[in-house]
Amino acid sequence: MLTVEISVVIPCFNVEGFIEECLQSVLSQTLLPVEIICVDDGSTDDTKAIIASFIQKHPALITLLSNKFQKGAPGSRNTGLALCKGNYVQFLDADDILYPDKFAHQSKMILESECKTDILVGSFSKKFLDGSEKIYRNEAIDPWVALIDNKMGVTSANIFKKSKVDEIGGWEIDLKSSQEYDLMFRMMKKNAVVQFDQVLLNFNRERETGSITKTNPKEKWKRYIDLRILIYKYLQSTNQLTNSRKQTFRNNLFNAARSLYKYDPDASLFYHNQYLKGKRLPQYDQPINAIYVFVYNLFGFKAAQELALLFKGRKRET
C-alpha cells in the first residue's frame with residue numbers, strides 16, 4: 001500500500017523570534033509528520049532552549065541536533081536529511097510558517113500520482129520588510145521553463161521525495177543563494193517528476209538580517225545567472241532546448257543582467273554580450289520606457305543601462 005510519510009527538517013541559527021511560531025505551525029497540521037528534526041547551527045540566543053521546551057512536550061516527535069561547527073543552511077539540511085525516516089521531506093526555514101492543511105493536501109496529491117512525484121512545487125505568500133505581501137501561485141507549465149523562470153516555489157513551500165534528494169547527494173553546501181533551484185536542477189537532470197500545487201499553504205517572510213539578497217546582491221545575481229546558463233547548456237547538450245525554453249532563458253538573463261549592472265557593469269555586459277548581443281530585445285519584467293528601447297536598439301545595452309541609471313539618479317554600487 002502506498003503511503004506518504006513526511007519528515008520535517010528545520011535548520012536553525014539565532015531564530016529565537018521565529019522558531020516557536022514555526023514549530024507550532026508544524027504541530028498544528030491536520031496530518032502530522034512522522035518527525036521534526038531541528039538542526040542548530042551554533043545559535044548564541046535562546047533558540048535551543050525554545051526547541052528544548054517543545055521537545056519536553058513532544059519527545060517522540062521532535063529531535064534537536066547541534067552541528068559541531070557551522071555548516072550553513074544547506075549543510076544543516078543535509079545533516080537532518082541523513083536521519084530522516086519519512087519517504088518525503090519538508091525542508092522548512094525557521095522563520096516560515098505552514099498552513100494547517102499543507103501536509104494533508106499535498107500528501108493527497110502525491111498519493112494521486114501513485115507516489116511518482118519527486119518535487120511537489122507549492123504556492124506561497126511572502127511578507128516583505130516594508131509590510132507589503134505578495135502571493136506566488138503556481139501554474140502547471142513546462143517544469144524546465146518554470147525552473148529557468150524562477151517559478152518552482154521556494155524551499156519551505158515545496159516537498160521533496162527523499163530517495164531522489166539522496167540520489168543527487170543532497171544540498172550543495174557551498175552555495176550562498178539559488179540553493180533550492182540548484183537542488184531541483186540536479187534532481188531534474190535525473191528525470192525527477194514535478195507536480196505543481198496551486199493551493200496557498202505556506203507563508204514566508206523577508207528577514208532584516210541573514211539575507212544574501214540584502215548583504216551581497218552582486219554575488220546573488222551572478223549565481224542566479226550562472227545557474228541559468230548551466231541549465232541552458234544542459235538542455236542544449238541533451239537536445240531539449242525548445243523555443244519556449246530558449247526564449248525564457250533569454251528573457252531571464254536580460255532581466256537579471258539589468259539588475260546586476262548597478263553592482264557590476266563589467267559582469268553584466270559580459271553575460272549580455274555572450275548570449276544576447278545582436279539579438280532582438282527580450283521580454284522584460286522591469287519598467288522600460290520607449291527611450292530605453294530606442295537607445296538599446298541604436299547604441300546597445302551599456303548605453304541603455306547608463307541612461308536608465310542617470311534617469312533614476314542612482315550610482316553604481318560595489
# chains A, B, ... in the order shown; residues from 1 in each chain; ligands from 1
>>> select_by_dssp(residues="range 237-313 of chain A", states="alpha helix (DSSP H)", output="number ranges by chain")
A: 237, 243-261, 265-275, 290-299, 301-312
>>> closest_atom_pairs(of="range 132-170 of chain A", to="range 236-248 of chain A", cutoff="8 Å", atoms="only C-alpha atoms", output="Markdown table")
| residue | atom | partner | partner_atom | distance |
| --- | --- | --- | --- | --- |
| A:Trp144 | CA | A:Arg245 | CA | 7.0 |
| A:Val145 | CA | A:Arg245 | CA | 5.4 |
| A:Ile148 | CA | A:Thr248 | CA | 6.8 |
| A:Asp149 | CA | A:Thr248 | CA | 6.5 |
>>> write_last_selection(atoms="all heavy atoms", output="compact mmCIF listing (two decimals), in the first residue's frame")
# COMPACT_ATOMS: atom_id res chain seq x y z
N TRP A 144 10.82 22.83 -16.96
CA TRP A 144 12.09 23.46 -17.31
C TRP A 144 11.92 24.96 -17.50
O TRP A 144 12.78 25.76 -17.11
CB TRP A 144 12.70 22.82 -18.57
CG TRP A 144 13.29 21.47 -18.32
CD1 TRP A 144 12.79 20.26 -18.70
CD2 TRP A 144 14.50 21.19 -17.60
NE1 TRP A 144 13.61 19.24 -18.27
CE2 TRP A 144 14.67 19.78 -17.60
CE3 TRP A 144 15.45 21.98 -16.95
CZ2 TRP A 144 15.75 19.16 -16.98
CZ3 TRP A 144 16.54 21.36 -16.33
CH2 TRP A 144 16.68 19.97 -16.35
N VAL A 145 10.81 25.36 -18.09
CA VAL A 145 10.51 26.79 -18.20
C VAL A 145 10.35 27.39 -16.80
O VAL A 145 10.86 28.47 -16.50
CB VAL A 145 9.24 27.02 -19.04
CG1 VAL A 145 8.75 28.46 -18.90
CG2 VAL A 145 9.50 26.70 -20.51
N ILE A 148 13.83 27.78 -15.10
CA ILE A 148 14.58 28.92 -15.62
C ILE A 148 13.96 30.23 -15.16
O ILE A 148 14.67 31.19 -14.82
CB ILE A 148 14.62 28.86 -17.17
CG1 ILE A 148 15.38 27.62 -17.64
CG2 ILE A 148 15.28 30.13 -17.73
CD1 ILE A 148 15.20 27.32 -19.13
N ASP A 149 12.63 30.26 -15.12
CA ASP A 149 11.90 31.50 -14.87
C ASP A 149 11.63 31.75 -13.38
O ASP A 149 10.83 32.61 -13.03
CB ASP A 149 10.57 31.47 -15.63
CG ASP A 149 10.05 32.86 -15.96
OD1 ASP A 149 10.86 33.80 -15.99
OD2 ASP A 149 8.84 33.00 -16.20
>>> closest_residue(among="A:Leu227, A:Leu269, A:Ile37, A:Ile141", to="Ala303 in chain A", atoms="only C-alpha atoms")
A:Leu269
>>> residues_around(residues="Ile62 in chain A", least_positions_apart="4", cutoff="10 Å", atoms="only C-alpha atoms", output="CSV table (one decimal) with N, CA and C atoms, in the first residue's frame")
chain,number,residue,atom,x,y,z
A,8,VAL,N,10.2,16.5,8.7
A,8,VAL,CA,10.4,17.9,8.6
A,8,VAL,C,11.8,18.2,9.1
A,23,LEU,N,7.5,26.0,14.7
A,23,LEU,CA,7.2,24.7,15.2
A,23,LEU,C,5.7,24.5,15.5
A,27,LEU,N,3.1,21.5,14.3
A,27,LEU,CA,2.3,20.7,15.2
A,27,LEU,C,0.8,20.9,15.0
A,34,VAL,N,6.0,12.5,10.5
A,34,VAL,CA,6.5,11.3,11.3
A,34,VAL,C,7.6,11.8,12.3
A,35,GLU,N,8.2,13.0,11.9
A,35,GLU,CA,9.2,13.5,12.8
A,35,GLU,C,9.5,15.0,12.4
A,36,ILE,N,10.1,15.7,13.4
A,36,ILE,CA,10.5,17.0,13.2
A,36,ILE,C,12.0,17.1,13.7
A,37,ILE,N,12.9,17.3,12.7
A,37,ILE,CA,14.3,17.3,13.1
A,37,ILE,C,14.8,18.8,13.0
A,38,CYS,N,15.2,19.3,14.1
A,38,CYS,CA,15.7,20.7,14.2
A,38,CYS,C,17.3,20.6,14.2
A,51,ILE,N,13.5,25.3,21.5
A,51,ILE,CA,13.3,23.9,20.9
A,51,ILE,C,13.2,22.9,22.0
A,52,ALA,N,14.0,23.0,23.0
A,52,ALA,CA,14.0,22.0,24.1
A,52,ALA,C,12.7,22.0,24.9
A,54,PHE,N,9.8,22.5,23.5
A,54,PHE,CA,8.9,21.8,22.7
A,54,PHE,C,9.2,20.3,22.7
A,55,ILE,N,10.5,19.9,22.9
A,55,ILE,CA,10.8,18.5,23.0
A,55,ILE,C,10.2,17.9,24.2
A,56,GLN,N,10.2,18.7,25.3
A,56,GLN,CA,9.6,18.2,26.6
A,56,GLN,C,8.2,17.8,26.4
A,57,LYS,N,7.4,18.5,25.6
A,57,LYS,CA,6.0,18.3,25.3
A,57,LYS,C,5.8,17.2,24.2
A,58,HIS,N,6.8,17.1,23.3
A,58,HIS,CA,6.6,16.1,22.2
A,58,HIS,C,7.9,15.3,22.0
>>> residues_around(residues="Asn202 in chain A", least_positions_apart="4", cutoff="8 Å", atoms="only C-alpha atoms", output="list of chain:residue names")
A:Asp96, A:Ile97, A:Leu98, A:Tyr99, A:Lys102, A:Gly122, A:Ser123, A:Phe124, A:Ser125, A:Ser156, A:Ala157
>>> closest_atom_pairs(of="range 153-214 of chain A", to="range 75-86 of chain A", cutoff="8 Å", atoms="only C-alpha atoms", output="JSON lines")
{"residue": "A:Lys162", "atom": "CA", "partner": "A:Gly86", "partner_atom": "CA", "distance": 7.5}
{"residue": "A:Gly170", "atom": "CA", "partner": "A:Asn78", "partner_atom": "CA", "distance": 6.1}
{"residue": "A:Trp171", "atom": "CA", "partner": "A:Asn78", "partner_atom": "CA", "distance": 6.3}
{"residue": "A:Glu172", "atom": "CA", "partner": "A:Gly75", "partner_atom": "CA", "distance": 7.7}
{"residue": "A:Ile173", "atom": "CA", "partner": "A:Gly75", "partner_atom": "CA", "distance": 5.1}
>>> select_by_dssp(residues="range 52-126 of chain A", states="strand (DSSP E or B)", output="PyMOL selection string")
chain A and resi 62-66+88-91+97-98+119-126
>>> residues_around(residues="Asp264 in chain A", least_positions_apart="5", cutoff="12 Å", atoms="only C-alpha atoms", output="JSON, numbers by chain")
{"A": [216, 217, 218, 219, 220, 221, 222, 256, 257, 258, 259, 269, 270, 271, 302, 305, 315, 316, 317, 318]}
>>> write_last_selection(atoms="N, CA and C atoms", output="CSV table (one decimal), in the first residue's frame")
chain,number,residue,atom,x,y,z
A,216,ASN,N,24.7,40.9,-0.2
A,216,ASN,CA,25.6,40.9,-1.3
A,216,ASN,C,24.8,40.6,-2.6
A,217,PRO,N,24.1,41.6,-3.1
A,217,PRO,CA,23.3,41.4,-4.3
A,217,PRO,C,24.1,41.1,-5.5
A,218,LYS,N,25.3,41.7,-5.6
A,218,LYS,CA,26.2,41.4,-6.7
A,218,LYS,C,26.4,39.9,-6.9
A,219,GLU,N,26.9,39.2,-5.9
A,219,GLU,CA,27.1,37.8,-6.0
A,219,GLU,C,25.9,37.0,-6.1
A,220,LYS,N,24.8,37.5,-5.5
A,220,LYS,CA,23.5,36.8,-5.7
A,220,LYS,C,23.1,36.8,-7.1
A,221,TRP,N,23.2,37.9,-7.8
A,221,TRP,CA,22.7,37.9,-9.2
A,221,TRP,C,23.7,37.1,-10.1
A,222,LYS,N,25.0,37.1,-9.8
A,222,LYS,CA,25.9,36.3,-10.6
A,222,LYS,C,25.5,34.8,-10.4
A,256,ALA,N,18.0,39.7,-15.3
A,256,ALA,CA,19.0,39.6,-14.3
A,256,ALA,C,20.2,40.4,-14.6
A,257,ALA,N,20.6,40.5,-15.8
A,257,ALA,CA,21.8,41.3,-16.2
A,257,ALA,C,21.5,42.8,-15.9
A,258,ARG,N,20.2,43.2,-16.1
A,258,ARG,CA,19.9,44.6,-15.8
A,258,ARG,C,20.0,44.9,-14.3
A,259,SER,N,19.6,43.9,-13.5
A,259,SER,CA,19.7,44.1,-12.0
A,259,SER,C,21.1,44.1,-11.6
A,269,LEU,N,27.7,43.2,-18.6
A,269,LEU,CA,28.0,43.3,-20.0
A,269,LEU,C,28.5,42.0,-20.6
A,270,PHE,N,29.3,41.3,-19.8
A,270,PHE,CA,29.8,40.0,-20.3
A,270,PHE,C,28.7,39.1,-20.5
A,271,TYR,N,27.8,38.9,-19.6
A,271,TYR,CA,26.7,38.0,-19.7
A,271,TYR,C,25.8,38.4,-20.9
A,302,LYS,N,24.8,48.7,-22.9
A,302,LYS,CA,25.6,49.6,-22.0
A,302,LYS,C,25.0,51.0,-22.0
A,305,GLN,N,21.6,51.1,-20.3
A,305,GLN,CA,21.7,50.9,-18.8
A,305,GLN,C,22.2,52.2,-18.1
A,315,LYS,N,23.7,55.7,-8.5
A,315,LYS,CA,25.1,55.5,-8.8
A,315,LYS,C,25.3,54.0,-8.7
A,316,ARG,N,26.4,53.5,-9.4
A,316,ARG,CA,26.7,52.1,-9.3
A,316,ARG,C,27.2,51.9,-7.9
A,317,GLU,N,26.9,50.6,-7.4
A,317,GLU,CA,27.3,50.2,-6.1
A,317,GLU,C,28.3,49.1,-6.2
A,318,THR,N,29.1,48.9,-5.1
A,318,THR,CA,30.1,47.8,-5.1
A,318,THR,C,29.8,47.0,-3.9
>>> closest_residue(among="A:Ser177, A:Ser132, A:Gln106, A:Thr117", to="Asn191 in chain A", atoms="only C-alpha atoms")
A:Thr117
>>> residues_around(residues="Lys48 in chain A", least_positions_apart="5", cutoff="9 Å", atoms="only C-alpha atoms", output="count of residues only")
8
>>> closest_residue(among="A:Phe13, A:Tyr275, A:Phe128, A:Tyr263", to="Phe203 in chain A", atoms="only C-alpha atoms")
A:Phe128
>>> closest_atom_pairs(of="range 76-171 of chain A", to="range 28-31 of chain A", cutoff="6 Å", atoms="only C-alpha atoms", output="CSV")
residue,atom,partner,partner_atom,distance
A:Pro100,CA,A:Gln29,CA,4.3
A:Asp101,CA,A:Thr30,CA,5.7
A:Phe103,CA,A:Leu31,CA,5.8
A:Ala104,CA,A:Leu31,CA,5.1
>>> closest_residue(among="A:Phe196, A:Met109, A:Ile159, A:Glu21", to="Val9 in chain A", atoms="only C-alpha atoms")
A:Ile159
>>> closest_residue(among="A:Met187, A:Asp182, A:Ala146, A:Thr63", to="Ile119 in chain A", atoms="only C-alpha atoms")
A:Met187
>>> atom_distance(atom1="CA of Arg223 in chain A", atom2="CA of Glu306 in chain A")
23.0 Å
